[in-house]
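Student: Mind having a look at this structure? Questions to follow.
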Amino acid sequence: MNLREKYHIPSDAVITIAGTVGVGKSTMTKALADALQFRTSFEKVDTNPYLDKFYADFKRWSFHLQIYFLAERFKEQKRIFEYGGGFVQDRSIYEDTGIFAKMHFEKGTMSKVDYETYTSLFEAMVMTPYFPHPDLLIYLEGSFEEIIKRIRERGRPMEQQTPIEYWKEMYERYERWINSFNACPVLRININEYDIIRDAQSIEPIVAKIGYMIEQYRKLKK
Ligand SMILES: Nc1ncnc2c1ncn2[C@@H]1O[C@H](COP(=O)(O)OP(=O)(O)O)[C@@H](O)[C@H]1O
Ligand SMILES: Nc1ncnc2c1ncn2[C@H]1C[C@H](O)[C@@H](COP(=O)(O)O)O1
């Protein structure tokens, strides 16, 4: 019996992993998908044609980048739907608007008209009854110092050149955002609670919590 069956996780479940840059979403996505024998939906960083340009000049490229991410995530959403679920997704679509677009608008690196165009497109595409929300959003959290350490260790050049204030601002916004997020159930996990890199077994208690939460939520929906 695999972990998915052991903890009664439905084979059509969709789990999305949220959290600030560098917290460990991609690593968790892979480990969870392996444990559950689910498909993955990753953010493609290396092939993103705007990301480098964006980090070099936020004002010039923030709108282009948001539109690009929105299109990519929507295509992924369609793929998940076509497979009938059974996915772990690296970053939720909600963070694009709730964190990134909002932050760039409020910090003056996205114009008002661009922000309004973006949010109206986002709402038309996502905030409709036709858009399936995930069964569970796993929110990864940890100390700011540990997250900065991880960003440095990973070493993506564009992120190294970004001032630390940018990551701090994002970190604080994430904390506020998750406290009011209610589009689907949330499981908060502190990154000190597991170490899937050195101890593969540490995923099992997380799978147990996922199973419990999805079961409770699906009962409520019936
Ligand atoms: N549990 C962990 N323990 C130690 N390092 C980790 C852990 N999870 C991720 N990392 C490291 O932290 C960095 C960022 O992780 P990643 O999964 O790419 O984050 P994200 O997708 O949230 O940006 C990577 O170098 C990764 O190897
Ligand atoms: N919507 C976004 N706007 C700006 N930047 C974004 C957005 N989504 C992701 N990013 C950036 C942040 C990181 O540099 C890379 C990948 O994110 P990660 O959290 O490391 O998976 O893209």
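To be explicit about the labels: the chains of the structure tokens are called A, B, and onward in the order shown, and within each one the residues are counted from 1, while ligands get numbers from 1 in the order they are shown.
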Mind checking DSSP for region 142-218 of chain A and telling me the strand (DSSP E or B) residues as JSON, numbers by chain?

Tutor: {"A": [186, 187, 188, 189, 190]}

Student: Just the selected residues (N, CA and C atoms), exported as a short mmCIF file (atom, residue, chain, number, x, y, z; two decimals), in the first residue's frame, please.

Tutor:
data_model
loop_
_atom_site.label_atom_id
_atom_site.label_comp_id
_atom_site.auth_asym_id
_atom_site.auth_seq_id
_atom_site.Cartn_x
_atom_site.Cartn_y
_atom_site.Cartn_z
N VAL A 186 -6.24 25.42 4.04
CA VAL A 186 -4.80 25.69 4.13
C VAL A 186 -4.17 24.79 5.19
N LEU A 187 -3.04 24.18 4.83
CA LEU A 187 -2.23 23.45 5.81
C LEU A 187 -0.90 24.19 5.92
N ARG A 188 -0.63 24.73 7.11
CA ARG A 188 0.62 25.49 7.30
C ARG A 188 1.69 24.55 7.82
N ILE A 189 2.85 24.60 7.20
CA ILE A 189 3.95 23.73 7.64
C ILE A 189 5.20 24.58 7.81
N ASN A 190 5.80 24.46 8.99
CA ASN A 190 7.05 25.17 9.21
C ASN A 190 8.19 24.33 8.65
#

Student: List all protein, DNA and RNA residues that have any atom at most 6 Å from ligand 2, counting only C-alpha atoms and all ligand atoms, and write the list as a short mmCIF file (atom, residue, chain, number, x, y, z; two decimals) with N, CA and C atoms, in the first residue's frame.

Tutor:
data_model
loop_
_atom_site.label_atom_id
_atom_site.label_comp_id
_atom_site.auth_asym_id
_atom_site.auth_seq_id
_atom_site.Cartn_x
_atom_site.Cartn_y
_atom_site.Cartn_z
N THR A 20 6.94 31.94 0.09
CA THR A 20 7.82 32.93 -0.53
C THR A 20 8.97 32.28 -1.30
N VAL A 21 9.62 33.08 -2.11
CA VAL A 21 10.72 32.60 -2.95
C VAL A 21 11.80 31.96 -2.07
N GLY A 22 12.22 30.75 -2.43
CA GLY A 22 13.32 30.08 -1.74
C GLY A 22 12.91 29.26 -0.53
N VAL A 45 11.30 28.28 -14.61
CA VAL A 45 12.08 29.50 -14.39
C VAL A 45 13.09 29.72 -15.52
N GLN A 66 3.84 39.53 -15.39
CA GLN A 66 2.59 39.03 -14.78
C GLN A 66 1.69 38.37 -15.82
N PHE A 69 3.14 34.94 -16.58
CA PHE A 69 2.87 33.97 -15.52
C PHE A 69 1.41 33.55 -15.52
N ASP A 96 0.22 35.10 -7.47
CA ASP A 96 0.59 36.06 -8.52
C ASP A 96 -0.08 37.40 -8.28
N PHE A 100 2.58 39.22 -5.76
CA PHE A 100 3.50 39.88 -6.68
C PHE A 100 2.91 41.12 -7.37
#

Student: Give me, as a PDB file with N, CA and C atoms, in the first residue's frame, all polymer residues having an atom no more than 10 Å from region 193-200 of chain A, counting only C-alpha atoms and skipping those fewer than 2 positions away in the same chain.

Tutor:
ATOM      1  N   THR A  27      11.116  21.766  -4.005  1.00  0.00           N
ATOM      2  CA  THR A  27      11.626  20.561  -3.339  1.00  0.00           C
ATOM      3  C   THR A  27      10.460  19.773  -2.746  1.00  0.00           C
ATOM      4  N   MET A  28       9.537  20.460  -2.108  1.00  0.00           N
ATOM      5  CA  MET A  28       8.358  19.809  -1.513  1.00  0.00           C
ATOM      6  C   MET A  28       7.446  19.234  -2.609  1.00  0.00           C
ATOM      7  N   ALA A  31       8.948  15.954  -3.752  1.00  0.00           N
ATOM      8  CA  ALA A  31       8.894  14.902  -2.726  1.00  0.00           C
ATOM      9  C   ALA A  31       7.460  14.409  -2.520  1.00  0.00           C
ATOM     10  N   LEU A  32       6.528  15.341  -2.492  1.00  0.00           N
ATOM     11  CA  LEU A  32       5.126  14.947  -2.275  1.00  0.00           C
ATOM     12  C   LEU A  32       4.584  14.160  -3.464  1.00  0.00           C
ATOM     13  N   ALA A  35       5.859  10.751  -3.275  1.00  0.00           N
ATOM     14  CA  ALA A  35       5.208   9.981  -2.206  1.00  0.00           C
ATOM     15  C   ALA A  35       3.787   9.566  -2.588  1.00  0.00           C
ATOM     16  N   GLY A 142       8.886  29.791   7.314  1.00  0.00           N
ATOM     17  CA  GLY A 142      10.125  29.618   8.074  1.00  0.00           C
ATOM     18  C   GLY A 142      10.669  30.988   8.413  1.00  0.00           C
ATOM     19  N   ILE A 189       2.845  24.597   7.199  1.00  0.00           N
ATOM     20  CA  ILE A 189       3.948  23.735   7.642  1.00  0.00           C
ATOM     21  C   ILE A 189       5.199  24.584   7.810  1.00  0.00           C
ATOM     22  N   ASN A 190       5.802  24.461   8.991  1.00  0.00           N
ATOM     23  CA  ASN A 190       7.054  25.174   9.211  1.00  0.00           C
ATOM     24  C   ASN A 190       8.193  24.329   8.652  1.00  0.00           C
ATOM     25  N   ILE A 191       9.135  24.989   7.989  1.00  0.00           N
ATOM     26  CA  ILE A 191      10.211  24.231   7.326  1.00  0.00           C
ATOM     27  C   ILE A 191      11.146  23.541   8.329  1.00  0.00           C
ATOM     28  N   SER A 202      10.594  11.873   6.487  1.00  0.00           N
ATOM     29  CA  SER A 202       9.919  13.001   7.155  1.00  0.00           C
ATOM     30  C   SER A 202       8.712  13.512   6.354  1.00  0.00           C
ATOM     31  N   ILE A 203       8.515  12.964   5.159  1.00  0.00           N
ATOM     32  CA  ILE A 203       7.335  13.357   4.380  1.00  0.00           C
ATOM     33  C   ILE A 203       6.062  12.693   4.938  1.00  0.00           C
ATOM     34  N   GLU A 204       6.206  11.540   5.604  1.00  0.00           N
ATOM     35  CA  GLU A 204       4.998  10.773   5.973  1.00  0.00           C
ATOM     36  C   GLU A 204       4.047  11.529   6.915  1.00  0.00           C
ATOM     37  N   PRO A 205       4.552  12.175   7.973  1.00  0.00           N
ATOM     38  CA  PRO A 205       3.599  12.925   8.823  1.00  0.00           C
ATOM     39  C   PRO A 205       2.876  14.044   8.061  1.00  0.00           C
ATOM     40  N   ILE A 206       3.542  14.582   7.040  1.00  0.00           N
ATOM     41  CA  ILE A 206       2.890  15.632   6.224  1.00  0.00           C
ATOM     42  C   ILE A 206       1.775  15.004   5.389  1.00  0.00           C
TER      43      ILE A 206
END

Student: Please compute the atom 14 (C, counted along the ligand's line) of ligand 1-CA of Glu153 (chain A) distance, one decimal, in Å.

Tutor: 7.7 Å

Student: Restricting the calculation to only C-alpha atoms, which member of A:Tyr83, A:Phe58, A:Phe74, A:Tyr130 is positioned closest to Ala13 (chain A)?

Tutor: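 Smallest distance to Ala13 (chain A) is found for A:Tyr83.
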
Student: Fewer than 2 positions away in the same chain doesn't count, so skip those; otherwise give me all residues within 12 Å of region 120-127 of chain A, counting only C-alpha atoms, as number ranges by chain.

Tutor: A: 66-71, 73-75, 77-78, 92-98, 101, 113-118, 129-133, 183

Student: Write out as a PDB file with N, CA, C and O atoms, in the first residue's frame each polymer residue whose atoms come within 12 Å of region 218-220 of chain A, counting only C-alpha atoms; drop sequence neighbours fewer than 2 positions from it.

Tutor:
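Once written, around-v1.pdb looks like this:
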ATOM      1  N   HIS A   8      -5.651   7.680   2.656  1.00  0.00           N
ATOM      2  CA  HIS A   8      -6.959   7.906   1.986  1.00  0.00           C
ATOM      3  C   HIS A   8      -6.991   9.209   1.188  1.00  0.00           C
ATOM      4  O   HIS A   8      -7.986   9.956   1.253  1.00  0.00           O
ATOM      5  N   ILE A   9      -5.927   9.490   0.485  1.00  0.00           N
ATOM      6  CA  ILE A   9      -5.937  10.710  -0.342  1.00  0.00           C
ATOM      7  C   ILE A   9      -6.523  10.345  -1.705  1.00  0.00           C
ATOM      8  O   ILE A   9      -6.019   9.429  -2.373  1.00  0.00           O
ATOM      9  N   PRO A  10      -7.600  11.023  -2.111  1.00  0.00           N
ATOM     10  CA  PRO A  10      -8.233  10.650  -3.382  1.00  0.00           C
ATOM     11  C   PRO A  10      -7.262  10.820  -4.559  1.00  0.00           C
ATOM     12  O   PRO A  10      -6.451  11.748  -4.554  1.00  0.00           O
ATOM     13  N   ALA A  13      -7.051  14.250  -6.310  1.00  0.00           N
ATOM     14  CA  ALA A  13      -6.808  15.464  -5.506  1.00  0.00           C
ATOM     15  C   ALA A  13      -5.824  16.406  -6.204  1.00  0.00           C
ATOM     16  O   ALA A  13      -4.949  15.972  -6.956  1.00  0.00           O
ATOM     17  N   PRO A 134      -7.947  24.317  -5.726  1.00  0.00           N
ATOM     18  CA  PRO A 134      -7.305  23.084  -5.260  1.00  0.00           C
ATOM     19  C   PRO A 134      -8.016  22.511  -4.033  1.00  0.00           C
ATOM     20  O   PRO A 134      -8.751  23.217  -3.330  1.00  0.00           O
ATOM     21  N   ASP A 135      -7.763  21.233  -3.752  1.00  0.00           N
ATOM     22  CA  ASP A 135      -8.320  20.613  -2.539  1.00  0.00           C
ATOM     23  C   ASP A 135      -7.618  21.159  -1.310  1.00  0.00           C
ATOM     24  O   ASP A 135      -8.203  21.206  -0.222  1.00  0.00           O
ATOM     25  N   LEU A 136      -6.353  21.525  -1.483  1.00  0.00           N
ATOM     26  CA  LEU A 136      -5.568  21.970  -0.331  1.00  0.00           C
ATOM     27  C   LEU A 136      -4.424  22.861  -0.798  1.00  0.00           C
ATOM     28  O   LEU A 136      -3.785  22.572  -1.805  1.00  0.00           O
ATOM     29  N   CYS A 184      -9.422  28.189  -0.475  1.00  0.00           N
ATOM     30  CA  CYS A 184      -9.464  26.732  -0.267  1.00  0.00           C
ATOM     31  C   CYS A 184      -8.818  26.433   1.095  1.00  0.00           C
ATOM     32  O   CYS A 184      -8.209  27.332   1.683  1.00  0.00           O
ATOM     33  N   PRO A 185      -8.936  25.194   1.604  1.00  0.00           N
ATOM     34  CA  PRO A 185      -8.323  24.900   2.915  1.00  0.00           C
ATOM     35  C   PRO A 185      -6.802  25.046   2.875  1.00  0.00           C
ATOM     36  O   PRO A 185      -6.179  24.812   1.834  1.00  0.00           O
ATOM     37  N   GLY A 211      -3.991  13.989   4.222  1.00  0.00           N
ATOM     38  CA  GLY A 211      -5.101  13.039   4.121  1.00  0.00           C
ATOM     39  C   GLY A 211      -6.247  13.442   5.025  1.00  0.00           C
ATOM     40  O   GLY A 211      -7.410  13.482   4.608  1.00  0.00           O
ATOM     41  N   TYR A 212      -5.910  13.812   6.248  1.00  0.00           N
ATOM     42  CA  TYR A 212      -6.925  14.200   7.223  1.00  0.00           C
ATOM     43  C   TYR A 212      -7.684  15.442   6.747  1.00  0.00           C
ATOM     44  O   TYR A 212      -8.914  15.480   6.759  1.00  0.00           O
ATOM     45  N   MET A 213      -6.919  16.448   6.293  1.00  0.00           N
ATOM     46  CA  MET A 213      -7.579  17.706   5.904  1.00  0.00           C
ATOM     47  C   MET A 213      -8.465  17.540   4.678  1.00  0.00           C
ATOM     48  O   MET A 213      -9.574  18.076   4.619  1.00  0.00           O
ATOM     49  N   ILE A 214      -7.986  16.788   3.694  1.00  0.00           N
ATOM     50  CA  ILE A 214      -8.798  16.615   2.479  1.00  0.00           C
ATOM     51  C   ILE A 214     -10.073  15.823   2.810  1.00  0.00           C
ATOM     52  O   ILE A 214     -11.165  16.164   2.339  1.00  0.00           O
ATOM     53  N   GLU A 215      -9.934  14.828   3.662  1.00  0.00           N
ATOM     54  CA  GLU A 215     -11.100  14.020   4.053  1.00  0.00           C
ATOM     55  C   GLU A 215     -12.157  14.898   4.733  1.00  0.00           C
ATOM     56  O   GLU A 215     -13.342  14.853   4.395  1.00  0.00           O
ATOM     57  N   GLN A 216     -11.698  15.718   5.688  1.00  0.00           N
ATOM     58  CA  GLN A 216     -12.624  16.599   6.414  1.00  0.00           C
ATOM     59  C   GLN A 216     -13.328  17.558   5.451  1.00  0.00           C
ATOM     60  O   GLN A 216     -14.536  17.757   5.502  1.00  0.00           O
ATOM     61  N   LYS A 222     -19.969  17.690   0.814  1.00  0.00           N
ATOM     62  CA  LYS A 222     -21.043  16.765   0.377  1.00  0.00           C
ATOM     63  C   LYS A 222     -22.417  17.278   0.754  1.00  0.00           C
ATOM     64  O   LYS A 222     -22.587  17.906   1.770  1.00  0.00           O
TER      65      LYS A 222
END

Student: Of the candidates A:Ile17, A:Ala208, A:Met158, A:Met170, which one gets nearest to ligand 1 if we count only C-alpha atoms and all ligand atoms?

Tutor: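 So, comparing all the options, the nearest one is A:Ile17.
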
Student: Quote the spacing between CA of Arg154 (chain A) and atom 24 (C, counted along the ligand's line) of ligand 1 in Å to one decimal place.

Tutor: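 One can read the CA of Arg154 (chain A) to atom 24 (C, counted along the ligand's line) of ligand 1 distance as 4.9 Å.
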
Student: Quick one: everything within 10 Å of Phe144 (chain A), counting only C-alpha atoms, minus sequence neighbours fewer than 3 positions away in the same chain. Send it as an NGL selection string.

Tutor: :A and (20 or 23 or 141 or 147-150 or 167-168 or 171-172)
